Every structure is written in structure tokens, then in C-alpha cells.
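A short worksheet on the structure shown next.
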Amino acid sequence: MGAVLALVGLRAEAQSLIGEVLCGPQQEIHAKLARQFGAVKTGTGLRGPEAVMEIWTNPKSGDWTLVQTYVEGRSCIVAMGEYWEDLAPTEAPETAG
């Protein structure tokens with residue numbers, strides 16, 4: 001919950017960029033997540049040819065942030081929450097064929 005409250009300051013900065021969306025230059029968003037929230041990037045996935053989804057988590061607090069980063073260098077915080085839990089990878093079930 002602490003990360004949510006702390007992002008109010010980030011929201012004020014982001015409002016000047018794109019209304020209510022929390023966006024900014026990739027380096028600034030990443031630095032703020034690391035410095036201010038103690039978050040580390042723990043996962044990424046390709047969303048398409050123009051964007052990557054990133055999950056940032058704070059291993060001590062369990063806070064998490066979902067960030068979408070675009071190829072032109074802009075990142076947007078699209079979701080936040082608490083109680084992140086890393087799960088051990090499991091094998092996908094075999095499909096009947």
C-alpha cells in the first residue's frame with residue numbers, strides 16, 4: 001500500500017505528460033521504481049512489436065507494479081498492487097490430440 005501512496009507524487013508529475021495515465025521516459029520511470037519504491041524488474045513479456053510488459057516487485061514489501069514500455073522509449077504504469085507472490089514454474093499440461 002505504501003507504493004500506492006507514494007505514487008501520488010508520481011501521478012502529479014505524470015499528469016503533465018498524459019492526463020491521468022502514469023507515463024514518462026523509460027529511464028525516469030525505471031529509476032523512480034527502483035529508487036523510491038525499492039522495486040526490481042522481475043519479469044518481462046512481449047506484448048507485440050511495439051511494446052513490452054514488465055513486472056516490477058519489491059521483494060520485502062510484496063508491492064508490485066505492471067509497466068508497459070514502448071519501443072520509442074516511453075513507459076506507462078498500467079497497474080499496481082500488493083502481496084506479490086513468486087510461484088515455482090510448473091510444466092504446462094499436455095494437450096489431448
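In the C-alpha cells, chains take letters A, B, ... by order of appearance, with residues numbered from 1 within each chain and ligands from 1 in the order shown.
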Would you write out, as CSV, a table of all residues in segment 23-45 of chain A that have an atom no more than 12 Å from an atom of segment 83-89 of chain A, listing for each the closest atom pair and the distance in Å to one decimal, considering only C-alpha atoms and ordering rows by chain and rising residue number?
residue,atom,partner,partner_atom,distance
A:Ala39,CA,A:Trp84,CA,11.7
A:Thr42,CA,A:Asp86,CA,9.4
A:Gly43,CA,A:Asp86,CA,10.5
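Between Lys32 of chain A and the candidates A:Ser75, A:Gln68, A:Met53, A:Gly62, the tightest atom-to-atom separation, counting only C-alpha atoms, involves A:Ser75.
Going from atom CA of Asp63 of chain A over to atom CA of Glu50 of chain A, you cover 26.7 Å.
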If you count only C-alpha atoms, which residues fall within 12 Å of Leu46 of chain A, apart from same-chain ones fewer than 2 positions away, as a JSON list (two decimals) with N, CA, C and O atoms, in the first residue's frame?
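Written output follows (part_8.json):
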[["chain", "number", "residue", "atom", "x", "y", "z"],
["A", 43, "GLY", "N", 10.25, -9.64, -14.25],
["A", 43, "GLY", "CA", 9.72, -10.38, -15.39],
["A", 43, "GLY", "C", 9.38, -9.45, -16.54],
["A", 43, "GLY", "O", 9.09, -8.27, -16.33],
["A", 44, "THR", "N", 9.45, -9.99, -17.74],
["A", 44, "THR", "CA", 9.06, -9.23, -18.93],
["A", 44, "THR", "C", 8.38, -10.18, -19.92],
["A", 44, "THR", "O", 8.58, -11.39, -19.88],
["A", 48, "GLY", "N", 3.74, -7.20, -28.22],
["A", 48, "GLY", "CA", 3.60, -7.08, -29.66],
["A", 48, "GLY", "C", 4.86, -6.43, -30.19],
["A", 48, "GLY", "O", 5.83, -6.26, -29.45],
["A", 49, "PRO", "N", 4.86, -6.04, -31.44],
["A", 49, "PRO", "CA", 6.08, -5.46, -32.00],
["A", 49, "PRO", "C", 6.42, -4.08, -31.43],
["A", 49, "PRO", "O", 7.53, -3.60, -31.59],
["A", 50, "GLU", "N", 5.48, -3.46, -30.73],
["A", 50, "GLU", "CA", 5.70, -2.09, -30.25],
["A", 50, "GLU", "C", 5.86, -1.96, -28.74],
["A", 50, "GLU", "O", 6.17, -0.88, -28.26],
["A", 51, "ALA", "N", 5.62, -3.04, -27.97],
["A", 51, "ALA", "CA", 5.61, -2.87, -26.52],
["A", 51, "ALA", "C", 6.03, -4.15, -25.78],
["A", 51, "ALA", "O", 5.81, -5.26, -26.26],
["A", 52, "VAL", "N", 6.59, -3.93, -24.59],
["A", 52, "VAL", "CA", 6.97, -4.99, -23.68],
["A", 52, "VAL", "C", 6.26, -4.73, -22.35],
["A", 52, "VAL", "O", 6.19, -3.59, -21.89],
["A", 53, "MET", "N", 5.74, -5.78, -21.73],
["A", 53, "MET", "CA", 5.15, -5.68, -20.40],
["A", 53, "MET", "C", 6.23, -6.08, -19.40],
["A", 53, "MET", "O", 6.95, -7.05, -19.63],
["A", 54, "GLU", "N", 6.32, -5.33, -18.32],
["A", 54, "GLU", "CA", 7.33, -5.59, -17.29],
["A", 54, "GLU", "C", 6.63, -5.67, -15.93],
["A", 54, "GLU", "O", 5.73, -4.88, -15.66],
["A", 55, "ILE", "N", 7.05, -6.62, -15.11],
["A", 55, "ILE", "CA", 6.56, -6.66, -13.74],
["A", 55, "ILE", "C", 7.72, -6.25, -12.84],
["A", 55, "ILE", "O", 8.83, -6.75, -12.97],
["A", 67, "VAL", "N", 4.26, -2.45, -15.78],
["A", 67, "VAL", "CA", 4.69, -1.33, -16.62],
["A", 67, "VAL", "C", 4.67, -1.78, -18.08],
["A", 67, "VAL", "O", 5.12, -2.89, -18.40],
["A", 68, "GLN", "N", 4.15, -0.94, -18.94],
["A", 68, "GLN", "CA", 4.22, -1.18, -20.38],
["A", 68, "GLN", "C", 5.24, -0.21, -20.96],
["A", 68, "GLN", "O", 5.11, 0.99, -20.78],
["A", 69, "THR", "N", 6.26, -0.77, -21.62],
["A", 69, "THR", "CA", 7.32, 0.05, -22.20],
["A", 69, "THR", "C", 7.25, -0.06, -23.73],
["A", 69, "THR", "O", 7.17, -1.16, -24.27],
["A", 70, "TYR", "N", 7.27, 1.09, -24.38],
["A", 70, "TYR", "CA", 7.15, 1.16, -25.84],
["A", 70, "TYR", "C", 8.52, 1.31, -26.48],
["A", 70, "TYR", "O", 9.45, 1.82, -25.86],
["A", 71, "VAL", "N", 8.61, 0.90, -27.74],
["A", 71, "VAL", "CA", 9.90, 0.93, -28.44],
["A", 71, "VAL", "C", 10.48, 2.33, -28.54],
["A", 71, "VAL", "O", 11.70, 2.49, -28.61]]
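What separates atom CA of Ile77 of chain A from atom CA of Trp56 of chain A is a distance of 10.1 Å.
Restricting the calculation to only C-alpha atoms, the smallest distance between Asn58 of chain A and any of A:Cys23, A:Cys76, A:Ala92, A:Ala34 is found for A:Ala34.
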